[in-house]
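Q: Just dropping this structure here.
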Amino acid sequence: MKTEKTFQEAMAFRHACKIFDETKKISKEDIHFILEAGRTSPSSFGMEAWKFLVITNEDLKAKLRPACWDQVQVTSCSHLVIVLAGIDSLKPESGEVRKRFARRDMPQENLDFYLDLYTNHLKKVLSSDENIYSWSARQTYIATANMMTGAAVLGIDSCPIEGYEKEKVEEILGLDTSKYQLSVVLPFGYRLNEQSTQLRLPLEDVVEFID
């Protein structure tokens with residue numbers, strides 16, 4: 001019987017799983033729980049500039065693996081989530097920015113104010129697709145972390161992967177990189193082997209209180 005872990009237990013349980021048990025598959029209910037943790041994550045200006053591709057097709061996972069430094073997690077996992085960073089939707093001229101702000105019931109002058117604030121505050125960020133990607137990819141890490149912790153609550157393992165050939169993965173997936181670009185390759189499944197002892201710096205080495 002599956003037992004949900006407390007937050008602290010989940011944090012202690014989570015590790016970068018190096019190989020998954022290919023005989024164990026994540027249920028539909030559980031993968032939706034994990035994806036909801038990503039979907040409901042916070043983002044700058046509430047833009048939600050991400051997309052999650054969920055791959056269970058074994059042939060496609062096999063095609064992706066060589067472009068992901070031949071890491072076995074890509075093919076041994078139950079569900080391979082490709083975390084994409086938004087590009088075009090963050091540009092004011094796309095119309096998506098206005099739509100996201102307009103979801104909140106506000107007077108037109110308030111909407112115009114936030115649009116002006118967004119455009120002027122992010123002038124440098126929005127000046128190129130490269131700069132936009134740098135900004136939106138950082139935000140996807142919030143969603144990525146929440147999905148990993150959400151999975152750990154259920155006793156499900158994960159392994160965030162940045163070891164990939166970006167252009168090759170995007171080509172295999174047929175991505176329109178003017179709209180979305182690859183940020184994180186995120187396999188989920190069940191560990192085949194016991195995890196090693198978690199090593200972390202002590203609290204006093206990483207936290208400084210300023211009174």
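Residues are named by chain letter and number: chains run A, B, ... in the order of the structure tokens, numbers start at 1 in each chain, and ligands are numbered from 1 in the order shown.
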Would you pick out the contacts of A:Phe20 at 9 Å or less, using only C-alpha atoms, so that residues sharing its chain but fewer than 6 positions from it are not included, and give the list as a ChimeraX atom specification?

A: /A:72-73,75-78,157-158,188-193

Q: Considering only strand (DSSP E or B) as DSSP defines it on the backbone, what residues of chain A qualify? List them as an MDAnalysis selection string.

A: chainID A and resid 16 20 50:55 79:86 157:158 161 180:189 191

Q: Go through stretch 137-187 of chain A and flag each residue having an atom no more than 12 Å from stretch 89-101 of chain A; for those, report the closest pair of atoms plus their distance in Å to one decimal, using only C-alpha atoms, ordered by chain and rising number, as a tab-separated table.

A:
```
residue	atom	partner	partner_atom	distance
A:Thr177	CA	A:Ser89	CA	11.8
A:Ser178	CA	A:Ser89	CA	9.5
A:Lys179	CA	A:Ser89	CA	7.0
A:Tyr180	CA	A:Ser89	CA	8.9
A:Gln181	CA	A:Ser89	CA	12.0
```

Q: Go ahead and write the selection's residues with N, CA, C and O atoms as a short mmCIF file (atom, residue, chain, number, x, y, z; two decimals), in the first residue's frame.

A:
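Just written: result_36.cif:
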```cif
data_model
loop_
_atom_site.label_atom_id
_atom_site.label_comp_id
_atom_site.auth_asym_id
_atom_site.auth_seq_id
_atom_site.Cartn_x
_atom_site.Cartn_y
_atom_site.Cartn_z
N THR A 177 11.52 26.26 -32.22
CA THR A 177 12.30 26.91 -31.16
C THR A 177 12.04 28.41 -31.05
O THR A 177 12.57 29.05 -30.14
N SER A 178 11.22 28.95 -31.95
CA SER A 178 10.80 30.34 -31.77
C SER A 178 9.70 30.42 -30.70
O SER A 178 9.43 31.49 -30.17
N LYS A 179 9.10 29.26 -30.39
CA LYS A 179 8.04 29.20 -29.38
C LYS A 179 8.51 28.57 -28.08
O LYS A 179 8.22 29.08 -26.99
N TYR A 180 9.21 27.45 -28.18
CA TYR A 180 9.71 26.75 -27.00
C TYR A 180 11.10 26.20 -27.25
O TYR A 180 11.40 25.77 -28.37
N GLN A 181 11.92 26.19 -26.19
CA GLN A 181 13.24 25.59 -26.28
C GLN A 181 13.46 24.68 -25.07
O GLN A 181 12.86 24.87 -24.01
#
```

Q: List the spatial neighbours of stretch 143-155 of chain A as a PyMOL selection string - criterion: any atom at most 10 Å away, only C-alpha atoms, same-chain residues fewer than 2 positions off excluded.

A: chain A and resi 2-16+30-31+33-43+48+50+52+81+83+138-141+157-160+183-191

Q: Keeping only C-alpha atoms, write those residues as an mmCIF file, in the first residue's frame.

A:
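Output saved as result.cif:
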```cif
data_model
loop_
_atom_site.group_PDB
_atom_site.id
_atom_site.type_symbol
_atom_site.label_atom_id
_atom_site.label_comp_id
_atom_site.auth_asym_id
_atom_site.auth_seq_id
_atom_site.Cartn_x
_atom_site.Cartn_y
_atom_site.Cartn_z
ATOM 1 C CA LYS A 2 1.393 3.377 -1.004
ATOM 2 C CA THR A 3 1.986 5.829 1.830
ATOM 3 C CA GLU A 4 2.559 9.520 1.168
ATOM 4 C CA LYS A 5 5.671 10.960 2.769
ATOM 5 C CA THR A 6 5.891 14.133 4.805
ATOM 6 C CA PHE A 7 7.727 17.048 3.226
ATOM 7 C CA GLN A 8 10.913 16.426 5.228
ATOM 8 C CA GLU A 9 10.784 12.706 4.472
ATOM 9 C CA ALA A 10 10.317 13.486 0.789
ATOM 10 C CA MET A 11 13.329 15.810 0.778
ATOM 11 C CA ALA A 12 15.464 13.112 2.406
ATOM 12 C CA PHE A 13 14.117 10.475 -0.001
ATOM 13 C CA ARG A 14 14.770 12.447 -3.202
ATOM 14 C CA HIS A 15 18.051 11.889 -5.000
ATOM 15 C CA ALA A 16 19.299 11.909 -8.579
ATOM 16 C CA ASP A 30 0.407 9.753 -9.776
ATOM 17 C CA ILE A 31 1.900 11.290 -12.929
ATOM 18 C CA PHE A 33 -0.205 14.663 -9.349
ATOM 19 C CA ILE A 34 3.427 15.317 -10.316
ATOM 20 C CA LEU A 35 2.507 17.402 -13.363
ATOM 21 C CA GLU A 36 0.031 19.446 -11.323
ATOM 22 C CA ALA A 37 2.922 20.367 -9.008
ATOM 23 C CA GLY A 38 4.651 21.818 -12.061
ATOM 24 C CA ARG A 39 1.586 23.456 -13.565
ATOM 25 C CA THR A 40 0.694 25.291 -10.364
ATOM 26 C CA SER A 41 4.227 26.526 -9.685
ATOM 27 C CA PRO A 42 4.950 30.254 -9.425
ATOM 28 C CA SER A 43 6.461 32.187 -12.320
ATOM 29 C CA GLU A 48 3.787 30.429 -16.848
ATOM 30 C CA TRP A 50 6.743 26.585 -19.807
ATOM 31 C CA PHE A 52 5.840 19.800 -20.246
ATOM 32 C CA VAL A 81 9.195 14.691 -18.969
ATOM 33 C CA VAL A 83 10.591 20.678 -19.634
ATOM 34 C CA ARG A 138 15.543 29.755 -14.918
ATOM 35 C CA GLN A 139 11.861 29.844 -14.074
ATOM 36 C CA THR A 140 11.309 26.296 -15.295
ATOM 37 C CA TYR A 141 13.605 25.195 -12.478
ATOM 38 C CA ASP A 157 12.193 8.934 -8.078
ATOM 39 C CA SER A 158 13.524 11.496 -10.539
ATOM 40 C CA CYS A 159 16.748 12.804 -12.029
ATOM 41 C CA PRO A 160 17.058 16.316 -13.499
ATOM 42 C CA SER A 183 15.366 23.468 -20.572
ATOM 43 C CA VAL A 184 15.457 20.211 -18.569
ATOM 44 C CA VAL A 185 15.183 16.503 -19.340
ATOM 45 C CA LEU A 186 13.367 15.037 -16.342
ATOM 46 C CA PRO A 187 12.893 11.261 -16.016
ATOM 47 C CA PHE A 188 10.520 9.804 -13.401
ATOM 48 C CA GLY A 189 10.258 6.225 -12.194
ATOM 49 C CA TYR A 190 11.196 3.856 -9.403
ATOM 50 C CA ARG A 191 14.773 3.271 -8.317
#
```

Q: From the options A:Leu115, A:Leu53, A:Leu126, A:Leu199, which residue's atoms come nearest to A:Asp88, counting only C-alpha atoms?

A: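 Comparing A:Leu115, A:Leu53, A:Leu126, A:Leu199 against A:Asp88, the winner is A:Leu126.
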
Q: Closest to A:Ala102 among A:Ala67, A:Tyr133, A:Gly46, A:Asn120, using only C-alpha atoms?

A: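 The answer is A:Gly46, which sits nearest to A:Ala102.
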
Q: Counting only C-alpha atoms, which of A:Val169, A:Leu111, A:Leu175, A:Val74 gets nearest to A:Gly86?

A: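 Checking each of A:Val169, A:Leu111, A:Leu175, A:Val74 against A:Gly86, counting only C-alpha atoms, the winner is A:Leu175.
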
Q: Which distance in Å separates atom CA of A:Glu165 and atom CA of A:Trp69, to one decimal?

A: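 Straight-line distance from atom CA of A:Glu165 to atom CA of A:Trp69 works out to 7.6 Å.
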
Q: Just to confirm, what's the straight-line distance from atom CA of A:Lys168 to atom CA of A:Lys18 in Å (one decimal)?

A: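 About the pair atom CA of A:Lys168 and atom CA of A:Lys18: they are 22.3 Å apart.
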
Q: So which one's closest to A:Asp21, A:Lys51, A:Arg200, A:His79, A:Arg65? Using only C-alpha atoms, please.

A: A:His79

Q: From a backbone DSSP assignment, name each residue in stretch 55-172 of chain A labelled helix (DSSP H, G or I), as a ChimeraX atom specification.

A: /A:58-68,73-76,88-90,92-94,96-102,108-121,125-127,129-153,166-172

Q: Counting only C-alpha atoms, which residue out of A:Leu182, A:Asn110, A:Leu117, A:Ser27 sits closest to A:Glu162?

A: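 Counting only C-alpha atoms, the residue closest to A:Glu162 is A:Leu182.
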
Q: Using only C-alpha atoms, which of A:Ala49, A:Pro202, A:Gly174, A:Thr119 sits nearest A:Leu84?

A: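 The shortest atom-to-atom distance to A:Leu84 comes from A:Ala49.
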
Q: Could you check how far atom CA of A:Ile87 sits from atom CA of A:Glu171, in Å to one decimal?

A: 16.6 Å
